[in-house]
There are 2 protein chains.
Amino acid sequence: MARVTMADVAKEAGVSKSTVSQFINKRYEYMGEDTKKKIDEAIKFLGYQPNYLARSLKQKRTSMIGIIVGNIMHRLSTEVSRSIEDYCHKHDIHAILCNADDNPEKERKYIEVLHAKQVDGLIIFPTGQNLDLYQKLIDEDYPVVFMDRKIEGLKANYVVAANCDATVESIKHLISRGHTKIAIATQPLMISPRIDRLKGYKQALSEAGIPLIKEYMIHAEREQINHELEKLFALKEPPTALFAGNDLVFIEILEFFKDKQMKIGKDAALIVFDNIPLAHLAETQVTTIAQPGYEMGQKAAEILLKQINKEQNDVHEHVFPCELIIRESS
Amino acid sequence: MARVTMADVAKEAGVSKSTVSQFINKRYEYMGEDTKKKIDEAIKFLGYQPNYLARSLKQKRTSMIGIIVGNIMHRLSTEVSRSIEDYCHKHDIHAILCNADDNPEKERKYIEVLHAKQVDGLIIFPTGQNLDLYQKLIDEDYPVVFMDRKIEGLKANYVVAANCDATVESIKHLISRGHTKIAIATQPLMISPRIDRLKGYKQALSEAGIPLIKEYMIHAEREQINHELEKLFALKEPPTALFAGNDLVFIEILEFFKDKQMKIGKDAALIVFDNIPLAHLAETQVTTIAQPGYEMGQKAAEILLKQINKEQNDVHEHVFPCELIIRESS
DNA sequence: TTGTAAGCGTTATCAG
DNA sequence: CTGATAACGCTTACAA
């Protein structure tokens with residue numbers, strides 16, 4: 001089943017390769033009707049399909065972009081990815097998705113491979129551990145947009161959520177409900193969103209004149225969170241409200257509460273940073289901070305395509321406000 | 001910033017292109033130490049990165065495969081995709097993921113584009129509506145594995161779950177708990193898993209001598225399910241148990257129950273076909289039928305790579321048993 | 001041990 | 001309006 005090439009079509013139709021190429025690329029302007037028909041028939045007859053690889057090599061553009069997510073398990077990753085894909089689809093370009101799995105080695109490999117495969121640009125949820133590589137891409141003028149996480153000292157296009165502001169708002173909400181003993185649980189402070197959320201937490205408390213308590217601030221790997229919660233609620237003065245730094249932390253909290261037969265909203269108020277798909281279906285509907293994943297994805301794709309088409313070269317930080325959705329748990 | 005090519009490296013190192021190529025491909029066997037070093041230095045100095053596109057064109061293999069999922073929102077899709085990616089990663093090949101969004105047009109486009117981009121093979125969760133295309137791939141000897149859904153009259157490699165058997169088991173379980181008024185809700189019967197699950201449902205009931213009741217069998221688009229449930233529970237004899245055909249149907253049921261202030265397990269027993277991530281954390285832990293997504297993904301990837309490497313040509317249907325996980329809801 | 005040259009399947013440039 | 005011909009960046013016999 002030798003694949004049929006343009007040369008075969010040309011021979012079959014009795015024209016030259018270049019004419020077939022014109023036809024394929026719809027540059028019919030100066031093409032005779034009969035030539036067109038002959039080529040069309042030959043293509044159908046042979047079942048010809050152009051080889052995009054060869055075309056890309058020649059054109060130096062693959063019409064593909066890469067998305068490298070830090071961890072596909074985060075709700076935001078999937079929302080944003082779908083949004084980007086949507087946008088690209090409309091612009092006839094393909095988005096390919098890779099999952100770094102919070103592993104800087106994997107991230108490095110994906111960046112290198114996608115680059116070598118000549119994808120036209122990259123949208124990265126950076127692990128933050130490959131500064132040299134990020135910098136190299138930028139120095140090279142390779143189109144790239146960083147998503148969700150800012151990298152200290154890296155001047156680039158960013159699309160991020162207003163993590164600090166949103167957290168401030170949510171903590172203030174808890175305070176307005178009479179809470180003063182408010183704890184926060186996040187994964188380790190390796191990336192900017194977590195740092196910014198903690199910053200917001202601290203800011204809101206100190207603006208309200210509530211002293212920070214070290215024991216109320218948990219930053220642990222997913223597997224350790226359970227253990228940390230154990231300690232937290234064993235304190236002489238356990239918190240009356242809890243801020244979950246993201247959807248994965250929320251799941252850990254859920255596990256913990258289930259295990260201890262504690263009830264969300266009753267044994268502690270809860271706010272989760274991240275939209276939880278079933279938040280409104282839970283026994284106690286949970287208050288969340290929704291990030292505009294769709295809009296963020298659209299924006300990232302838009303900037304990237306502009307870079308690719310050389311319509312824009314200056315870099316920006318695009319910050320998206322979040323929405324506090326108050327439900328029963330707070 | 002003109003990209004640096006192999007020719008540049010060759011010039012810089014004072015050797016020929018082919019020598020550099022050897023070096024890149026680690027065919028050092030007959031290479032002088034000093035040549036190696038010169039090339040290595042030149043590569044580092046110029047920051048050379050090979051162009052995989054050109055290589056692929058020459059080698060007629062891209063080391064990429066495509067995954068086309070019917071709908072990324074299904075839990076199984078993501079589980080299987082991750083598993084496939086895992087397997088591929090170990091074999092140094094890249095998996096790229098596309099979401100047909102239950103849209104046969106999109107599916108067709110993705111298949112055509114991936115094929116044109118010369119991916120080495122395809123794993124498809126078929127919509128079922130593009131028989132001609134599926135058949136064409138197979139006639140062409142193009143490596144392809146169909147996942148989750150069987151296509152009537154298409155001889156090919158399949159990796160599917162034992163939908164009928166698992167459903168029989170679960171319905172029998174409900175019967176053993178004393179239920180006789182058992183309803184089933186699925187999305188429209190367009191694809192084999194849904195048909196097979198319904199078959200299992202019918203089989204289990206008739207084996208138990210329980211007559212089938214038409215009103216107990218819902219097959220509706222997601223948006224209509226709510227409405228159908230309404231009718232179902234307005235029956236003179238509403239069911240005491242409910243079988244949800246998949247995870248999306250489950251969410252609709254959850255919505256409905258929440259809305260009606262009904263309690264799962266109390267107002268009706270429930271079994272869901274599909275593993276639900278938070279099944280064990282729900283207020284009433286829900287009984288599920290778990291499909292071995294990881295194993296299915298590994299198997300599909302394995303078969304596909306064998307086909308690609310021409311190690312295997314005969315086609316099979318690989319059926320994976322599922323596990324009924326009994327929790328509080330049934 | 002390394003170099004030469006011919007492809008891989010397109011597209012682009014320029015004649016005719 | 002159509003056809004040669006030269007790229008694109010790499011691999012691979014085969015020659016040296």
# chains A, B, ... in the order shown; residues from 1 in each chain; ligands from 1
$ interface_residues --of "chain B" --to "chain A" --cutoff "6 Å" --atoms "only C-alpha atoms" --output "NGL selection string"
:B and (51-53 or 96 or 116-117)
$ interface_residues --of "chain C" --to "chain A" --cutoff "9 Å" --atoms "only C-alpha atoms (C1' of nucleotides)" --output "number ranges by chain"
C: 8-11
$ atom_distance --atom1 "CA of Val9 in chain A" --atom2 "C1' of DG7 in chain C"
19.1 Å
$ residues_around --residues "range 190-196 of chain B" --least-positions-apart "2" --cutoff "10 Å" --atoms "only C-alpha atoms (C1' of nucleotides)" --output "list in words"
Pro126, Thr127, Gly128, Gln129, Asp148, Arg149, Lys150, Ile151, Glu152, Val160, Ala161, Ala162, Asn163, Cys164, Asp165, Ala166, Thr167, Ala185, Thr186, Gln187, Pro188, Leu198, Lys199, Gly200, Tyr201, Lys202, His219, Gly245 and Asn246 of chain B
$ residues_around --residues "DT13 in chain C" --least-positions-apart "5" --cutoff "12 Å" --atoms "only C-alpha atoms (C1' of nucleotides)" --output "ChimeraX atom specification"
/A:18 /D:3-7
$ write_last_selection --atoms "N, CA, C and O atoms (P, O5', C5', C4', C3', O3' and C1' of nucleotides)" --output "PDB file, in the first residue's frame"
ATOM      1  N   SER A  18       4.138  20.740  -9.827  1.00  0.00           N
ATOM      2  CA  SER A  18       3.811  22.088  -9.346  1.00  0.00           C
ATOM      3  C   SER A  18       2.357  22.447  -9.596  1.00  0.00           C
ATOM      4  O   SER A  18       1.725  23.101  -8.782  1.00  0.00           O
TER       5      SER A  18
ATOM      6  P    DG D   3       1.949  21.125 -17.026  1.00  0.00           P
ATOM      7  O5'  DG D   3       3.479  21.533 -16.951  1.00  0.00           O
ATOM      8  C5'  DG D   3       4.116  21.944 -18.145  1.00  0.00           C
ATOM      9  C4'  DG D   3       5.583  22.234 -17.864  1.00  0.00           C
ATOM     10  C3'  DG D   3       6.281  21.157 -17.036  1.00  0.00           C
ATOM     11  O3'  DG D   3       7.597  21.000 -17.570  1.00  0.00           O
ATOM     12  C1'  DG D   3       6.436  23.251 -15.925  1.00  0.00           C
ATOM     13  P    DA D   4       8.274  19.591 -17.413  1.00  0.00           P
ATOM     14  O5'  DA D   4       9.782  20.053 -17.263  1.00  0.00           O
ATOM     15  C5'  DA D   4      10.102  20.788 -16.126  1.00  0.00           C
ATOM     16  C4'  DA D   4      11.336  21.619 -16.386  1.00  0.00           C
ATOM     17  C3'  DA D   4      12.515  21.061 -15.606  1.00  0.00           C
ATOM     18  O3'  DA D   4      13.725  21.563 -16.150  1.00  0.00           O
ATOM     19  C1'  DA D   4      11.523  22.924 -14.478  1.00  0.00           C
ATOM     20  P    DT D   5      15.079  20.990 -15.567  1.00  0.00           P
ATOM     21  O5'  DT D   5      15.289  21.773 -14.200  1.00  0.00           O
ATOM     22  C5'  DT D   5      15.224  23.206 -14.213  1.00  0.00           C
ATOM     23  C4'  DT D   5      15.444  23.709 -12.802  1.00  0.00           C
ATOM     24  C3'  DT D   5      16.254  22.740 -11.942  1.00  0.00           C
ATOM     25  O3'  DT D   5      17.161  23.497 -11.181  1.00  0.00           O
ATOM     26  C1'  DT D   5      14.256  23.248 -10.852  1.00  0.00           C
ATOM     27  P    DA D   6      18.388  22.800 -10.496  1.00  0.00           P
ATOM     28  O5'  DA D   6      18.455  23.642  -9.136  1.00  0.00           O
ATOM     29  C5'  DA D   6      18.185  25.042  -9.166  1.00  0.00           C
ATOM     30  C4'  DA D   6      17.471  25.439  -7.891  1.00  0.00           C
ATOM     31  C3'  DA D   6      18.174  24.976  -6.606  1.00  0.00           C
ATOM     32  O3'  DA D   6      18.156  26.059  -5.704  1.00  0.00           O
ATOM     33  C1'  DA D   6      15.919  24.276  -6.575  1.00  0.00           C
ATOM     34  P    DA D   7      19.122  26.099  -4.449  1.00  0.00           P
ATOM     35  O5'  DA D   7      18.780  24.702  -3.727  1.00  0.00           O
ATOM     36  C5'  DA D   7      18.687  24.657  -2.316  1.00  0.00           C
ATOM     37  C4'  DA D   7      17.388  25.308  -1.857  1.00  0.00           C
ATOM     38  C3'  DA D   7      17.061  24.854  -0.445  1.00  0.00           C
ATOM     39  O3'  DA D   7      16.817  25.986   0.355  1.00  0.00           O
ATOM     40  C1'  DA D   7      15.285  24.256  -1.950  1.00  0.00           C
TER      41       DA D   7
END
$ interface_residues --of "chain A" --to "chain D" --cutoff "7 Å" --atoms "only C-alpha atoms (C1' of nucleotides)" --output "ChimeraX atom specification"
/A:16,19,30-32,57-58
$ atom_distance --atom1 "CA of Arg177 in chain A" --atom2 "CA of Cys322 in chain A"
20.4 Å
$ select_by_dssp --residues "range 31-274 of chain A" --states "alpha helix (DSSP H)" --output "PyMOL selection string"
chain A and resi 33-46+52-59+75-90+104-116+131-139+163-176+192-207+222-233+247-260
$ decode --residues "range 32-168 of chain B" --atoms "C-alpha atoms" --output "PDB file, in the first residue's frame"
ATOM      1  CA  GLY B  32      37.407   9.332  16.173  1.00  0.00           C
ATOM      2  CA  GLU B  33      37.518  10.810  19.635  1.00  0.00           C
ATOM      3  CA  ASP B  34      38.597  14.203  18.374  1.00  0.00           C
ATOM      4  CA  THR B  35      35.831  14.284  15.771  1.00  0.00           C
ATOM      5  CA  LYS B  36      33.330  13.533  18.478  1.00  0.00           C
ATOM      6  CA  LYS B  37      34.630  16.286  20.652  1.00  0.00           C
ATOM      7  CA  LYS B  38      34.713  18.814  17.825  1.00  0.00           C
ATOM      8  CA  ILE B  39      31.137  18.081  16.919  1.00  0.00           C
ATOM      9  CA  ASP B  40      30.008  18.139  20.494  1.00  0.00           C
ATOM     10  CA  GLU B  41      31.570  21.529  20.990  1.00  0.00           C
ATOM     11  CA  ALA B  42      30.120  22.912  17.801  1.00  0.00           C
ATOM     12  CA  ILE B  43      26.654  21.745  18.818  1.00  0.00           C
ATOM     13  CA  LYS B  44      26.927  23.349  22.210  1.00  0.00           C
ATOM     14  CA  PHE B  45      28.408  26.490  20.791  1.00  0.00           C
ATOM     15  CA  LEU B  46      25.692  26.973  18.217  1.00  0.00           C
ATOM     16  CA  GLY B  47      22.922  25.660  20.390  1.00  0.00           C
ATOM     17  CA  TYR B  48      21.965  23.244  17.694  1.00  0.00           C
ATOM     18  CA  GLN B  49      18.762  21.260  17.973  1.00  0.00           C
ATOM     19  CA  PRO B  50      17.891  18.672  15.365  1.00  0.00           C
ATOM     20  CA  ASN B  51      14.788  19.182  13.296  1.00  0.00           C
ATOM     21  CA  TYR B  52      12.636  16.130  13.882  1.00  0.00           C
ATOM     22  CA  LEU B  53      10.388  17.113  11.044  1.00  0.00           C
ATOM     23  CA  ALA B  54      13.094  16.615   8.479  1.00  0.00           C
ATOM     24  CA  ARG B  55      14.132  13.412  10.104  1.00  0.00           C
ATOM     25  CA  SER B  56      10.606  12.085  10.079  1.00  0.00           C
ATOM     26  CA  LEU B  57      10.165  12.932   6.457  1.00  0.00           C
ATOM     27  CA  LYS B  58      13.195  10.891   5.607  1.00  0.00           C
ATOM     28  CA  GLN B  59      12.524   8.042   7.968  1.00  0.00           C
ATOM     29  CA  LYS B  60       8.852   7.848   7.210  1.00  0.00           C
ATOM     30  CA  ARG B  61       7.992   7.606  10.842  1.00  0.00           C
ATOM     31  CA  THR B  62       7.165  10.381  13.249  1.00  0.00           C
ATOM     32  CA  SER B  63       7.270   8.522  16.556  1.00  0.00           C
ATOM     33  CA  MET B  64       3.922  10.022  17.333  1.00  0.00           C
ATOM     34  CA  ILE B  65       0.588   8.365  17.703  1.00  0.00           C
ATOM     35  CA  GLY B  66      -2.801   9.989  17.953  1.00  0.00           C
ATOM     36  CA  ILE B  67      -5.547   9.376  20.472  1.00  0.00           C
ATOM     37  CA  ILE B  68      -8.987  10.486  19.419  1.00  0.00           C
ATOM     38  CA  VAL B  69     -11.436  10.345  22.280  1.00  0.00           C
ATOM     39  CA  GLY B  70     -15.155  10.507  21.750  1.00  0.00           C
ATOM     40  CA  ASN B  71     -15.643  12.837  24.642  1.00  0.00           C
ATOM     41  CA  ILE B  72     -12.939  13.979  27.000  1.00  0.00           C
ATOM     42  CA  MET B  73     -15.486  14.566  29.740  1.00  0.00           C
ATOM     43  CA  HIS B  74     -15.826  10.860  30.361  1.00  0.00           C
ATOM     44  CA  ARG B  75     -13.690   9.703  33.174  1.00  0.00           C
ATOM     45  CA  LEU B  76     -12.627   6.660  31.199  1.00  0.00           C
ATOM     46  CA  SER B  77     -11.215   8.815  28.427  1.00  0.00           C
ATOM     47  CA  THR B  78      -8.799  10.573  30.713  1.00  0.00           C
ATOM     48  CA  GLU B  79      -7.775   7.432  32.541  1.00  0.00           C
ATOM     49  CA  VAL B  80      -7.108   5.588  29.342  1.00  0.00           C
ATOM     50  CA  SER B  81      -5.288   8.522  27.772  1.00  0.00           C
ATOM     51  CA  ARG B  82      -2.935   8.847  30.674  1.00  0.00           C
ATOM     52  CA  SER B  83      -2.236   5.174  30.564  1.00  0.00           C
ATOM     53  CA  ILE B  84      -1.491   5.243  26.862  1.00  0.00           C
ATOM     54  CA  GLU B  85       0.745   8.224  27.305  1.00  0.00           C
ATOM     55  CA  ASP B  86       2.573   6.412  30.042  1.00  0.00           C
ATOM     56  CA  TYR B  87       3.215   3.414  27.872  1.00  0.00           C
ATOM     57  CA  CYS B  88       4.311   5.506  24.935  1.00  0.00           C
ATOM     58  CA  HIS B  89       6.609   7.582  27.048  1.00  0.00           C
ATOM     59  CA  LYS B  90       8.469   4.449  28.038  1.00  0.00           C
ATOM     60  CA  HIS B  91       8.840   3.530  24.400  1.00  0.00           C
ATOM     61  CA  ASP B  92       9.998   6.946  23.352  1.00  0.00           C
ATOM     62  CA  ILE B  93       7.009   7.791  21.344  1.00  0.00           C
ATOM     63  CA  HIS B  94       4.644  10.692  21.720  1.00  0.00           C
ATOM     64  CA  ALA B  95       0.928  10.510  22.103  1.00  0.00           C
ATOM     65  CA  ILE B  96      -1.186  13.396  21.022  1.00  0.00           C
ATOM     66  CA  LEU B  97      -4.704  13.773  22.247  1.00  0.00           C
ATOM     67  CA  CYS B  98      -7.714  15.033  20.330  1.00  0.00           C
ATOM     68  CA  ASN B  99     -11.252  15.418  21.510  1.00  0.00           C
ATOM     69  CA  ALA B 100     -13.975  14.663  18.981  1.00  0.00           C
ATOM     70  CA  ASP B 101     -16.559  15.991  21.401  1.00  0.00           C
ATOM     71  CA  ASP B 102     -19.072  13.377  20.224  1.00  0.00           C
ATOM     72  CA  ASN B 103     -19.050  15.106  16.885  1.00  0.00           C
ATOM     73  CA  PRO B 104     -18.490  12.827  13.873  1.00  0.00           C
ATOM     74  CA  GLU B 105     -17.388  15.773  11.750  1.00  0.00           C
ATOM     75  CA  LYS B 106     -14.686  16.654  14.225  1.00  0.00           C
ATOM     76  CA  GLU B 107     -13.687  13.042  14.437  1.00  0.00           C
ATOM     77  CA  ARG B 108     -13.352  12.827  10.682  1.00  0.00           C
ATOM     78  CA  LYS B 109     -11.267  15.947  10.547  1.00  0.00           C
ATOM     79  CA  TYR B 110      -8.963  14.771  13.311  1.00  0.00           C
ATOM     80  CA  ILE B 111      -8.452  11.404  11.719  1.00  0.00           C
ATOM     81  CA  GLU B 112      -7.652  13.000   8.391  1.00  0.00           C
ATOM     82  CA  VAL B 113      -5.333  15.603   9.817  1.00  0.00           C
ATOM     83  CA  LEU B 114      -3.429  13.218  12.029  1.00  0.00           C
ATOM     84  CA  HIS B 115      -3.091  10.838   9.160  1.00  0.00           C
ATOM     85  CA  ALA B 116      -1.813  13.631   6.936  1.00  0.00           C
ATOM     86  CA  LYS B 117       0.607  14.642   9.632  1.00  0.00           C
ATOM     87  CA  GLN B 118       1.915  11.111   9.339  1.00  0.00           C
ATOM     88  CA  VAL B 119       1.377  10.007  12.895  1.00  0.00           C
ATOM     89  CA  ASP B 120       2.411   6.391  13.072  1.00  0.00           C
ATOM     90  CA  GLY B 121      -0.918   5.095  14.321  1.00  0.00           C
ATOM     91  CA  LEU B 122      -4.227   5.934  15.923  1.00  0.00           C
ATOM     92  CA  ILE B 123      -6.195   4.884  18.963  1.00  0.00           C
ATOM     93  CA  ILE B 124      -9.807   5.862  18.467  1.00  0.00           C
ATOM     94  CA  PHE B 125     -12.844   5.973  20.715  1.00  0.00           C
ATOM     95  CA  PRO B 126     -15.091   5.993  17.661  1.00  0.00           C
ATOM     96  CA  THR B 127     -18.277   7.957  17.363  1.00  0.00           C
ATOM     97  CA  GLY B 128     -19.319   5.151  15.074  1.00  0.00           C
ATOM     98  CA  GLN B 129     -20.497   7.491  12.359  1.00  0.00           C
ATOM     99  CA  ASN B 130     -17.521   7.340  10.039  1.00  0.00           C
ATOM    100  CA  LEU B 131     -17.502   3.751   8.960  1.00  0.00           C
ATOM    101  CA  ASP B 132     -16.078   4.518   5.516  1.00  0.00           C
ATOM    102  CA  LEU B 133     -13.107   6.261   7.034  1.00  0.00           C
ATOM    103  CA  TYR B 134     -12.437   3.548   9.609  1.00  0.00           C
ATOM    104  CA  GLN B 135     -12.611   1.003   6.845  1.00  0.00           C
ATOM    105  CA  LYS B 136     -10.260   2.995   4.677  1.00  0.00           C
ATOM    106  CA  LEU B 137      -7.644   3.143   7.428  1.00  0.00           C
ATOM    107  CA  ILE B 138      -7.827  -0.587   7.823  1.00  0.00           C
ATOM    108  CA  ASP B 139      -7.707  -1.290   4.118  1.00  0.00           C
ATOM    109  CA  GLU B 140      -4.617   0.813   4.000  1.00  0.00           C
ATOM    110  CA  ASP B 141      -3.038  -1.268   6.742  1.00  0.00           C
ATOM    111  CA  TYR B 142      -2.731   1.848   8.798  1.00  0.00           C
ATOM    112  CA  PRO B 143      -2.126   0.921  12.452  1.00  0.00           C
ATOM    113  CA  VAL B 144      -5.256   1.589  14.426  1.00  0.00           C
ATOM    114  CA  VAL B 145      -6.915   0.339  17.597  1.00  0.00           C
ATOM    115  CA  PHE B 146     -10.511   1.006  18.505  1.00  0.00           C
ATOM    116  CA  MET B 147     -11.213   1.643  22.122  1.00  0.00           C
ATOM    117  CA  ASP B 148     -14.277   1.289  24.284  1.00  0.00           C
ATOM    118  CA  ARG B 149     -16.745   0.984  21.428  1.00  0.00           C
ATOM    119  CA  LYS B 150     -17.210  -1.769  18.905  1.00  0.00           C
ATOM    120  CA  ILE B 151     -18.330  -1.003  15.388  1.00  0.00           C
ATOM    121  CA  GLU B 152     -20.725  -3.359  13.736  1.00  0.00           C
ATOM    122  CA  GLY B 153     -19.207  -4.940  10.672  1.00  0.00           C
ATOM    123  CA  LEU B 154     -15.719  -3.564  11.162  1.00  0.00           C
ATOM    124  CA  LYS B 155     -13.011  -6.138  11.580  1.00  0.00           C
ATOM    125  CA  ALA B 156     -10.318  -4.493  13.630  1.00  0.00           C
ATOM    126  CA  ASN B 157      -8.443  -4.410  16.891  1.00  0.00           C
ATOM    127  CA  TYR B 158     -10.705  -3.552  19.768  1.00  0.00           C
ATOM    128  CA  VAL B 159     -10.087  -2.935  23.429  1.00  0.00           C
ATOM    129  CA  VAL B 160     -13.357  -2.848  25.308  1.00  0.00           C
ATOM    130  CA  ALA B 161     -14.894  -3.493  28.701  1.00  0.00           C
ATOM    131  CA  ALA B 162     -17.148  -6.423  29.465  1.00  0.00           C
ATOM    132  CA  ASN B 163     -20.147  -4.143  29.534  1.00  0.00           C
ATOM    133  CA  CYS B 164     -22.849  -6.734  29.348  1.00  0.00           C
ATOM    134  CA  ASP B 165     -21.404  -9.082  31.939  1.00  0.00           C
ATOM    135  CA  ALA B 166     -20.670  -6.343  34.416  1.00  0.00           C
ATOM    136  CA  THR B 167     -24.163  -4.977  34.115  1.00  0.00           C
ATOM    137  CA  VAL B 168     -25.673  -8.401  34.618  1.00  0.00           C
TER     138      VAL B 168
END
